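Visitor: For reference, the file coords_14.tsv (TSV, C-alpha atoms and all ligand atoms) is included below:
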```tsv
chain	number	residue	atom	x	y	z
A	1	MET	CA	-33.69	53.78	-54.93
A	2	ARG	CA	-36.47	52.96	-52.50
A	3	VAL	CA	-34.42	54.10	-49.50
A	4	ALA	CA	-33.34	57.25	-51.33
A	5	ALA	CA	-36.97	58.06	-52.20
A	6	THR	CA	-38.10	57.58	-48.59
A	7	ALA	CA	-35.16	59.66	-47.33
A	8	GLU	CA	-36.07	62.44	-49.75
A	9	ALA	CA	-39.75	62.37	-48.70
A	10	LEU	CA	-38.78	62.53	-45.00
A	11	ARG	CA	-36.32	65.36	-45.65
A	12	ARG	CA	-39.01	67.35	-47.48
A	13	ALA	CA	-41.30	66.79	-44.53
A	14	GLY	CA	-38.67	68.58	-42.41
A	15	GLU	CA	-36.99	65.53	-40.82
A	16	ASP	CA	-33.31	65.72	-39.88
A	17	ILE	CA	-31.85	62.89	-41.99
A	18	VAL	CA	-28.25	61.66	-41.75
A	19	ASP	CA	-27.43	60.47	-45.25
A	20	PHE	CA	-24.90	57.63	-45.51
A	21	GLY	CA	-26.36	56.53	-48.83
A	22	ALA	CA	-24.45	58.79	-51.19
A	23	GLY	CA	-21.82	57.15	-53.38
A	24	GLU	CA	-19.97	60.34	-54.16
A	25	PRO	CA	-17.23	62.49	-52.64
A	26	ASP	CA	-18.37	65.30	-50.38
A	27	PHE	CA	-15.37	67.38	-51.52
A	28	PRO	CA	-15.71	70.09	-54.17
A	29	THR	CA	-13.89	69.58	-57.48
A	30	PRO	CA	-10.33	70.95	-56.96
A	31	GLY	CA	-9.90	74.60	-57.99
A	32	HIS	CA	-7.53	74.15	-60.93
A	33	ILE	CA	-9.94	71.66	-62.55
A	34	LYS	CA	-12.90	74.01	-62.18
A	35	GLU	CA	-10.81	76.85	-63.63
A	36	ALA	CA	-9.97	74.76	-66.70
A	37	GLY	CA	-13.71	74.21	-67.25
A	38	ILE	CA	-14.45	77.92	-66.84
A	39	ALA	CA	-11.57	78.82	-69.20
A	40	ALA	CA	-12.99	76.38	-71.80
A	41	ILE	CA	-16.34	78.16	-71.72
A	42	GLU	CA	-14.70	81.62	-71.89
A	43	ALA	CA	-12.62	80.48	-74.87
A	44	ASN	CA	-15.79	79.24	-76.61
A	45	PHE	CA	-14.58	75.67	-76.48
A	46	THR	CA	-18.22	74.71	-76.77
A	47	LYS	CA	-18.43	72.79	-80.06
A	48	TYR	CA	-18.41	69.12	-81.03
A	49	THR	CA	-15.23	67.11	-80.49
A	50	SER	CA	-14.15	63.79	-81.95
A	51	PRO	CA	-16.59	60.99	-80.89
A	52	ALA	CA	-13.76	59.20	-79.10
A	53	GLY	CA	-13.00	62.39	-77.16
A	54	MET	CA	-10.32	64.98	-77.95
A	55	LEU	CA	-6.95	63.55	-78.88
A	56	GLU	CA	-5.38	65.73	-76.16
A	57	LEU	CA	-7.66	64.14	-73.55
A	58	ARG	CA	-7.01	60.60	-74.75
A	59	GLU	CA	-3.27	61.32	-74.63
A	60	ALA	CA	-3.72	62.60	-71.07
A	61	ILE	CA	-5.68	59.48	-70.05
A	62	CYS	CA	-2.97	57.20	-71.47
A	63	ALA	CA	-0.22	59.25	-69.82
A	64	ARG	CA	-1.97	59.23	-66.42
A	65	HIS	CA	-2.64	55.50	-66.62
A	66	ALA	CA	0.99	54.88	-67.57
A	67	ALA	CA	2.24	57.01	-64.65
A	68	ASP	CA	-0.13	55.44	-62.12
A	69	TYR	CA	0.00	51.79	-63.18
A	70	GLY	CA	2.84	51.34	-65.68
A	71	THR	CA	0.62	50.56	-68.67
A	72	ARG	CA	1.31	51.50	-72.29
A	73	TYR	CA	-1.84	52.55	-74.11
A	74	THR	CA	-2.10	54.74	-77.21
A	75	PRO	CA	-4.98	57.13	-77.98
A	76	ALA	CA	-6.29	54.62	-80.59
A	77	GLU	CA	-6.92	52.22	-77.70
A	78	CYS	CA	-8.67	54.86	-75.60
A	79	VAL	CA	-12.19	56.29	-75.62
A	80	ALA	CA	-13.31	59.14	-73.37
A	81	THR	CA	-16.81	58.34	-72.11
A	82	VAL	CA	-19.62	59.99	-70.17
A	83	GLY	CA	-18.45	58.61	-66.82
A	84	GLY	CA	-17.12	55.18	-65.90
A	85	LYS	CA	-20.65	53.79	-66.01
A	86	HIS	CA	-20.83	54.68	-69.68
A	87	ALA	CA	-17.50	52.93	-70.34
A	88	ILE	CA	-18.96	49.77	-68.76
A	89	PHE	CA	-22.20	50.16	-70.71
A	90	ASN	CA	-20.38	50.69	-74.02
A	91	ALA	CA	-17.94	47.84	-73.44
A	92	THR	CA	-20.76	45.47	-72.52
A	93	GLN	CA	-22.84	46.39	-75.57
A	94	VAL	CA	-19.82	45.82	-77.78
A	95	LEU	CA	-18.60	42.56	-76.26
A	96	VAL	CA	-21.71	40.74	-75.07
A	97	SER	CA	-24.33	39.17	-77.36
A	98	ASP	CA	-27.43	37.04	-76.85
A	99	GLY	CA	-26.67	33.95	-74.77
A	100	ASP	CA	-23.20	35.04	-73.66
A	101	GLU	CA	-22.31	34.56	-70.02
A	102	VAL	CA	-20.66	37.23	-67.93
A	103	ILE	CA	-19.16	36.34	-64.56
A	104	VAL	CA	-20.06	38.84	-61.85
A	105	PRO	CA	-18.77	38.47	-58.28
A	106	ILE	CA	-21.16	39.28	-55.41
A	107	PRO	CA	-21.38	41.85	-53.92
A	108	TYR	CA	-21.56	43.71	-57.23
A	109	TRP	CA	-22.11	47.30	-58.21
A	110	VAL	CA	-25.77	47.47	-59.25
A	111	THR	CA	-25.18	48.56	-62.85
A	112	TYR	CA	-23.38	45.40	-64.00
A	113	LYS	CA	-26.38	43.11	-63.91
A	114	ASP	CA	-28.62	45.47	-65.84
A	115	VAL	CA	-26.12	46.36	-68.57
A	116	VAL	CA	-25.22	42.70	-69.13
A	117	GLU	CA	-28.89	41.75	-69.43
A	118	TYR	CA	-29.59	44.75	-71.68
A	119	ALA	CA	-26.90	43.42	-74.03
A	120	GLY	CA	-28.64	40.02	-74.10
A	121	GLY	CA	-26.13	38.36	-71.81
A	122	ARG	CA	-26.66	36.28	-68.69
A	123	CYS	CA	-24.88	37.00	-65.41
A	124	VAL	CA	-23.18	34.08	-63.69
A	125	PHE	CA	-22.76	35.19	-60.12
A	126	ILE	CA	-19.94	34.16	-57.79
A	127	ARG	CA	-20.60	34.55	-54.10
A	128	THR	CA	-17.52	35.78	-52.21
A	129	ASP	CA	-17.27	34.99	-48.52
A	130	PRO	CA	-17.76	37.72	-45.88
A	131	GLY	CA	-15.72	35.61	-43.45
A	132	ASP	CA	-12.83	35.85	-45.89
A	133	GLY	CA	-13.15	39.61	-46.42
A	134	PHE	CA	-15.12	39.11	-49.68
A	135	THR	CA	-11.91	37.97	-51.36
A	136	LEU	CA	-12.27	37.04	-55.03
A	137	THR	CA	-9.96	34.24	-56.16
A	138	ALA	CA	-9.08	32.85	-59.57
A	139	ALA	CA	-10.30	29.42	-58.39
A	140	MET	CA	-13.81	30.86	-57.92
A	141	VAL	CA	-13.71	32.38	-61.41
A	142	GLN	CA	-12.48	29.11	-62.91
A	143	LEU	CA	-15.40	27.20	-61.39
A	144	ALA	CA	-17.87	29.61	-62.98
A	145	MET	CA	-16.32	29.55	-66.45
A	146	THR	CA	-18.00	27.71	-69.33
A	147	SER	CA	-17.63	27.70	-73.10
A	148	LYS	CA	-20.15	30.56	-73.12
A	149	THR	CA	-18.13	32.86	-70.84
A	150	ARG	CA	-17.58	36.11	-72.68
A	151	ALA	CA	-16.39	38.36	-69.87
A	152	ILE	CA	-15.64	38.68	-66.17
A	153	ILE	CA	-16.41	41.99	-64.51
A	154	ILE	CA	-14.06	42.82	-61.65
A	155	ASN	CA	-14.28	45.82	-59.38
A	156	SER	CA	-11.22	46.31	-57.19
A	157	PRO	CA	-11.40	48.09	-54.77
A	158	ASN	CA	-14.95	46.86	-54.54
A	159	ASN	CA	-18.10	48.88	-54.05
A	160	PRO	CA	-19.62	48.04	-51.54
A	161	SER	CA	-17.20	45.75	-49.65
A	162	GLY	CA	-13.93	47.69	-50.02
A	163	SER	CA	-12.05	44.44	-50.77
A	164	ILE	CA	-9.25	44.33	-53.32
A	165	VAL	CA	-8.23	41.53	-55.66
A	166	SER	CA	-4.61	40.45	-55.11
A	167	ILE	CA	-2.11	40.79	-57.95
A	168	GLU	CA	-1.64	36.99	-57.91
A	169	ASN	CA	-5.36	36.43	-58.41
A	170	PHE	CA	-5.53	39.08	-61.12
A	171	GLU	CA	-2.66	37.30	-62.90
A	172	LYS	CA	-4.46	33.98	-62.80
A	173	ILE	CA	-7.84	35.47	-63.77
A	174	VAL	CA	-6.30	37.24	-66.78
A	175	LYS	CA	-4.64	33.97	-67.80
A	176	LEU	CA	-8.01	32.18	-67.54
A	177	ALA	CA	-9.56	34.87	-69.74
A	178	VAL	CA	-6.77	34.58	-72.32
A	179	ASP	CA	-7.10	30.77	-72.39
A	180	HIS	CA	-10.91	30.98	-72.82
A	181	GLY	CA	-10.86	33.86	-75.31
A	182	ALA	CA	-12.84	35.93	-72.80
A	183	TYR	CA	-12.37	39.50	-71.57
A	184	VAL	CA	-11.68	40.88	-68.13
A	185	ILE	CA	-13.63	44.12	-67.76
A	186	THR	CA	-11.88	45.80	-64.88
A	187	ASP	CA	-13.79	48.61	-63.21
A	188	GLU	CA	-11.07	50.89	-61.83
A	189	CYS	CA	-13.43	53.51	-60.43
A	190	TYR	CA	-11.83	53.37	-56.95
A	191	CYS	CA	-8.32	52.29	-57.96
A	192	ARG	CA	-6.64	55.46	-56.73
A	193	LEU	CA	-8.59	55.30	-53.48
A	194	GLN	CA	-6.73	52.38	-51.95
A	195	TYR	CA	-5.57	52.34	-48.31
A	196	GLU	CA	-3.15	49.42	-48.33
A	197	GLY	CA	-0.46	48.57	-50.88
A	198	VAL	CA	0.04	50.18	-54.26
A	199	PRO	CA	-2.82	50.89	-56.70
A	200	PHE	CA	-2.78	48.27	-59.42
A	201	SER	CA	-4.28	47.79	-62.88
A	202	ALA	CA	-4.77	44.34	-64.43
A	203	ALA	CA	-3.88	45.97	-67.75
A	204	SER	CA	-0.26	46.31	-66.55
A	205	LEU	CA	0.25	42.54	-66.47
A	206	PRO	CA	2.44	41.19	-69.28
A	207	GLY	CA	0.29	40.01	-72.22
A	208	ALA	CA	-2.93	41.22	-70.57
A	209	LYS	CA	-3.86	44.01	-72.94
A	210	THR	CA	-5.42	41.72	-75.57
A	211	ASN	CA	-8.05	40.48	-73.12
A	212	VAL	CA	-8.50	43.36	-70.69
A	213	VAL	CA	-10.89	46.28	-70.97
A	214	VAL	CA	-10.33	49.02	-68.39
A	215	ALA	CA	-13.32	51.08	-67.33
A	216	GLY	CA	-11.89	54.17	-65.64
A	217	SER	CA	-13.53	57.15	-64.02
A	218	LEU	CA	-12.56	60.63	-62.89
A	219	SER	CA	-15.68	60.86	-60.72
A	220	LYS	CA	-14.36	59.69	-57.36
A	221	THR	CA	-10.62	60.27	-57.82
A	222	TYR	CA	-11.01	63.97	-58.59
A	223	ALA	CA	-14.42	64.62	-56.98
A	224	MET	CA	-15.94	65.16	-60.44
A	225	THR	CA	-19.12	63.05	-60.36
A	226	GLY	CA	-21.29	65.67	-62.08
A	227	TRP	CA	-18.81	66.45	-64.85
A	228	ARG	CA	-19.38	62.94	-66.27
A	229	ILE	CA	-15.96	61.87	-67.52
A	230	GLY	CA	-14.71	58.30	-67.66
A	231	TYR	CA	-12.79	56.25	-70.17
A	232	ALA	CA	-12.32	52.85	-71.71
A	233	LEU	CA	-8.88	51.43	-72.49
A	234	ALA	CA	-9.22	48.41	-74.74
A	235	PRO	CA	-7.69	46.46	-77.61
A	236	GLN	CA	-7.90	48.71	-80.67
A	237	PRO	CA	-10.78	46.83	-82.44
A	238	VAL	CA	-12.83	46.91	-79.21
A	239	ALA	CA	-12.05	50.61	-78.74
A	240	SER	CA	-13.15	51.31	-82.34
A	241	ALA	CA	-16.42	49.44	-81.80
A	242	ILE	CA	-17.00	51.42	-78.58
A	243	VAL	CA	-16.51	54.64	-80.55
A	244	LYS	CA	-19.20	53.50	-83.04
A	245	VAL	CA	-21.71	52.87	-80.24
A	246	GLN	CA	-20.82	56.16	-78.61
A	247	SER	CA	-20.89	58.10	-81.86
A	248	GLN	CA	-24.51	57.09	-82.53
A	249	SER	CA	-25.72	57.65	-78.98
A	250	VAL	CA	-24.16	60.52	-76.98
A	251	SER	CA	-21.57	61.57	-79.64
A	252	HIS	CA	-18.95	62.36	-76.97
A	253	PRO	CA	-18.64	63.75	-73.44
A	254	SER	CA	-19.14	67.51	-73.01
A	255	SER	CA	-16.30	69.55	-74.54
A	256	VAL	CA	-16.04	71.69	-71.40
A	257	ALA	CA	-15.80	68.64	-69.14
A	258	GLN	CA	-13.13	67.19	-71.42
A	259	LYS	CA	-10.98	70.30	-70.89
A	260	ALA	CA	-11.47	70.06	-67.12
A	261	ALA	CA	-10.52	66.38	-67.27
A	262	ILE	CA	-7.22	67.19	-68.99
A	263	ALA	CA	-6.39	69.56	-66.10
A	264	ALA	CA	-7.32	66.84	-63.61
A	265	LEU	CA	-5.17	64.18	-65.26
A	266	LEU	CA	-2.11	66.27	-66.10
A	267	GLY	CA	-2.25	68.77	-63.22
A	268	PRO	CA	-1.07	68.38	-59.62
A	269	GLN	CA	-2.17	65.11	-58.03
A	270	ASP	CA	-1.90	66.24	-54.41
A	271	PRO	CA	-5.69	66.90	-54.11
A	272	VAL	CA	-6.14	63.14	-54.61
A	273	ASP	CA	-3.69	62.41	-51.77
A	274	THR	CA	-5.40	64.96	-49.54
A	275	MET	CA	-8.84	63.43	-50.14
A	276	LEU	CA	-7.51	59.91	-49.66
A	277	ALA	CA	-5.91	60.92	-46.34
A	278	GLU	CA	-9.26	62.31	-45.18
A	279	TYR	CA	-11.12	59.15	-46.26
A	280	ARG	CA	-8.56	57.12	-44.37
A	281	ARG	CA	-9.07	59.24	-41.23
A	282	ARG	CA	-12.82	58.67	-41.50
A	283	ARG	CA	-12.44	54.95	-42.16
A	284	ASP	CA	-10.21	54.64	-39.09
A	285	PHE	CA	-12.89	56.38	-37.06
A	286	VAL	CA	-15.95	54.61	-38.49
A	287	ILE	CA	-14.85	50.96	-38.44
A	288	PRO	CA	-13.75	50.72	-34.78
A	289	ARG	CA	-16.89	52.64	-33.82
A	290	LEU	CA	-19.09	50.16	-35.73
A	291	ARG	CA	-17.26	47.24	-34.14
A	292	GLU	CA	-18.20	48.57	-30.70
A	293	ILE	CA	-21.90	48.13	-31.49
A	294	PRO	CA	-23.14	44.80	-30.07
A	295	GLY	CA	-24.57	42.52	-32.77
A	296	LEU	CA	-22.65	44.19	-35.57
A	297	ALA	CA	-19.39	43.02	-37.19
A	298	CYS	CA	-17.36	44.93	-39.73
A	299	GLY	CA	-14.34	44.21	-41.92
A	300	MET	CA	-11.75	46.87	-42.69
A	301	PRO	CA	-12.23	48.26	-46.22
A	302	GLN	CA	-8.97	48.28	-48.17
A	303	GLY	CA	-10.21	50.83	-50.66
A	304	ALA	CA	-13.17	53.04	-51.72
A	305	PHE	CA	-15.19	54.92	-49.11
A	306	TYR	CA	-17.75	52.47	-47.80
A	307	ALA	CA	-18.13	50.42	-44.63
A	308	TYR	CA	-20.07	47.20	-45.18
A	309	PRO	CA	-21.00	45.86	-41.73
A	310	ASP	CA	-22.64	42.50	-41.14
A	311	VAL	CA	-25.97	43.02	-39.39
A	312	SER	CA	-27.24	39.45	-39.77
A	313	SER	CA	-27.27	38.72	-36.05
A	314	LEU	CA	-29.39	41.85	-35.47
A	315	LEU	CA	-31.76	40.61	-38.18
A	316	ARG	CA	-32.05	37.26	-36.43
A	317	GLU	CA	-32.61	38.77	-32.98
A	318	SER	CA	-35.29	41.14	-34.21
A	319	GLY	CA	-37.01	38.76	-36.62
A	320	MET	CA	-36.45	41.03	-39.61
A	321	GLU	CA	-36.49	39.32	-43.01
A	322	ASN	CA	-33.70	41.14	-44.79
A	323	THR	CA	-31.60	44.28	-44.84
A	324	LEU	CA	-34.14	46.13	-46.97
A	325	GLU	CA	-36.49	45.94	-43.99
A	326	PHE	CA	-33.57	46.86	-41.69
A	327	THR	CA	-32.64	49.95	-43.71
A	328	GLU	CA	-36.26	51.07	-44.00
A	329	ARG	CA	-36.73	50.82	-40.25
A	330	LEU	CA	-33.39	52.53	-39.56
A	331	LEU	CA	-34.52	55.38	-41.77
A	332	ARG	CA	-37.98	55.72	-40.26
A	333	GLU	CA	-36.98	55.23	-36.64
A	334	GLN	CA	-33.54	56.88	-36.46
A	335	LYS	CA	-33.50	58.92	-39.67
A	336	VAL	CA	-30.31	57.41	-41.06
A	337	ALA	CA	-30.13	56.47	-44.75
A	338	VAL	CA	-27.91	53.49	-45.68
A	339	VAL	CA	-28.08	50.98	-48.55
A	340	PRO	CA	-29.26	47.36	-48.06
A	341	SER	CA	-27.03	44.53	-49.33
A	342	GLU	CA	-29.83	43.15	-51.51
A	343	ALA	CA	-29.02	46.05	-53.86
A	344	PHE	CA	-25.60	44.45	-54.42
A	345	GLY	CA	-26.87	40.88	-54.77
A	346	GLY	CA	-25.87	40.16	-51.19
A	347	SER	CA	-27.57	39.64	-47.84
A	348	GLY	CA	-27.07	40.45	-44.17
A	349	HIS	CA	-25.02	43.64	-44.69
A	350	ILE	CA	-25.62	47.36	-45.04
A	351	ARG	CA	-23.49	49.87	-46.91
A	352	ILE	CA	-22.47	53.03	-45.10
A	353	SER	CA	-20.77	55.70	-47.18
A	354	PHE	CA	-18.15	57.65	-45.24
A	355	ALA	CA	-17.85	60.26	-47.96
A	356	THR	CA	-19.37	62.72	-45.52
A	357	SER	CA	-18.12	64.96	-42.70
A	358	MET	CA	-16.84	63.67	-39.35
A	359	GLY	CA	-19.71	65.51	-37.65
A	360	GLU	CA	-22.30	63.65	-39.73
A	361	LEU	CA	-20.47	60.37	-39.17
A	362	GLU	CA	-20.59	60.86	-35.40
A	363	ARG	CA	-24.28	61.77	-35.46
A	364	GLY	CA	-25.22	58.87	-37.73
A	365	LEU	CA	-23.19	56.28	-35.83
A	366	ASP	CA	-24.79	57.35	-32.53
A	367	ARG	CA	-28.17	56.79	-34.13
A	368	ILE	CA	-27.21	53.39	-35.58
A	369	GLN	CA	-25.99	52.38	-32.12
A	370	ALA	CA	-29.30	53.46	-30.58
A	371	PHE	CA	-31.21	51.56	-33.27
A	372	ALA	CA	-29.18	48.37	-32.69
A	373	ALA	CA	-29.61	48.66	-28.91
A	374	GLY	CA	-33.39	48.95	-29.37
A	375	LEU	CA	-33.43	45.81	-31.52
A	376	SER	CA	-31.44	43.58	-29.21
A	377	ARG	CA	-33.30	44.50	-26.02
A	401	LIG	N1	-18.06	51.72	-60.82
A	401	LIG	C1	-18.39	51.71	-59.53
A	401	LIG	C2	-18.03	50.51	-58.72
A	401	LIG	C3	-19.06	52.78	-58.97
A	401	LIG	O1	-19.38	52.76	-57.66
A	401	LIG	C4	-19.41	53.88	-59.78
A	401	LIG	C5	-20.18	55.00	-59.23
A	401	LIG	O2	-20.75	54.95	-58.18
A	401	LIG	C6	-19.01	53.84	-61.13
A	401	LIG	C7	-18.35	52.75	-61.62
A	401	LIG	C8	-19.33	54.89	-62.12
A	401	LIG	O3	-19.06	56.17	-61.80
A	401	LIG	P1	-19.16	57.30	-62.91
A	401	LIG	O4	-20.11	56.88	-63.96
A	401	LIG	O5	-19.62	58.51	-62.17
A	401	LIG	O6	-17.77	57.45	-63.46
```
Translate the structure described by the file into structure tokens.
Ligand code: PLP

Guide:
Amino acid sequence: MRVAATAEALRRAGEDIVDFGAGEPDFPTPGHIKEAGIAAIEANFTKYTSPAGMLELREAICARHAADYGTRYTPAECVATVGGKHAIFNATQVLVSDGDEVIVPIPYWVTYKDVVEYAGGRCVFIRTDPGDGFTLTAAMVQLAMTSKTRAIIINSPNNPSGSIVSIENFEKIVKLAVDHGAYVITDECYCRLQYEGVPFSAASLPGAKTNVVVAGSLSKTYAMTGWRIGYALAPQPVASAIVKVQSQSVSHPSSVAQKAAIAALLGPQDPVDTMLAEYRRRRDFVIPRLREIPGLACGMPQGAFYAYPDVSSLLRESGMENTLEFTERLLREQKVAVVPSEAFGGSGHIRISFATSMGELERGLDRIQAFAAGLSR
């Protein structure tokens, strides 16, 4: 937030900022989805819907999830939410009570910590190893589990590191959850944006559905961040409790956005492939380019649209304390906005979003290179 505020102030003062901070697609929402939203308005589809979301939308969510991952959910186990963040918020409020522990691997998406604490829970963090590509293993989860463990929040592909959890580890983690009577909350925000292997949902594992809550999102997959549509797929009693929370807070997502979401889920999927191909092209440009910069090391993201380079040796050489200081200086001196790893519970890394044009990527990377060269002189 601090970097974003400084970037905004500099931009208003007329500075030419390259923004690698944004966590959202630079593509417009595909045409057929926009048209469905416009048609909904024209048809006066502008009234309340069911608090769980329209039945037609929940059927579409279940059908899409079945087609993509081989799961079998029914609309009674599905709630349409105001974005994936809202699915995580609702699920956490429903599942977590005072004193419960929730296992959260680092680096984590910022929201998890706050929503767990808001529910009265306590985060138990697991530090994944940069040298091992930030891989999360079941053994790490097992070590963190206690009799108070209520849930484990997993984000694969991960924001910010781009790492994915292997199917074998998901299997073992789900088994641990079943044995402990805990839940795996699986944040599938970037599931369709995976560069290697086949997109996977933990909910597709045999016997997993009783202990898995899926938090899904249309935001990144269909370039629909502002429409605010996500969903929870959960055991029926958990889904019903989520509907209660939702019913007394936001009621339901916008009726117009729900219609657009149906078009996204049931319509042609080739826009997703086209966007993924473009993200891959950018990733394959950005990572080698970052690796050429002396003092900087970078793993290859397996999903999502972020590079997460290690800048710790530049910090050491220049005597900077942390990456917050690094990102503030990068912004002031070279006018490039990136996110410091402290925001994700980590250290020594910065997050660069490549959800921006090739031209901006080239400009920004030149500036980062100049910044690094200035530090190591
Ligand atoms: N999960 C992760 C890891 C994210 O990065 C985001 C958005 O940045 C979300 C969930 C939520 O997205 P939305 O609420 O727009 O669906």

Visitor: Could you report the residues within 7 Å of ligand LIG 401 (chain A), using all atoms listed in the file, as number ranges by chain?

Guide: A: 23-24, 82-86, 109, 155, 158-159, 187, 189, 217-219, 225, 228-230

Visitor: Counting only C-alpha atoms, I want the residues whose atoms come within 10 Å of (-4.6, 63.5, -69.4) in the file frame, returned as a PyMOL selection string.

Guide: chain A and resi 55-65+258-267

Visitor: Out of A:Phe285, A:Tyr222, A:Tyr308, A:Phe89, which residue has the shortest atom-to-atom distance to A:Gln269 when counting all atoms listed in the file?

Guide: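 Ranked by minimum distance to A:Gln269, first place goes to A:Tyr222.
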
Visitor: Which residue is closest to A:Pro157? Choose from A:Tyr195, A:Phe305, A:Tyr190, A:Phe27 and count all atoms listed in the file.

Guide: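 Residue with the minimum atom-to-atom distance to A:Pro157: A:Tyr190.
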
Visitor: Could you name the residues that touch stretch 135-138 of chain A at 12 Å or less, counting only C-alpha atoms, but leaving out those on the same chain fewer than 4 positions away, as a PyMOL selection string?

Guide: chain A and resi 103-108+125-131+142-145+152-158+161-177+299+301-302

Visitor: Could you tell me how far atom CA of A:Asp366 sits from atom CA of A:Ser313, in Å to one decimal place?

Guide: 19.1 Å
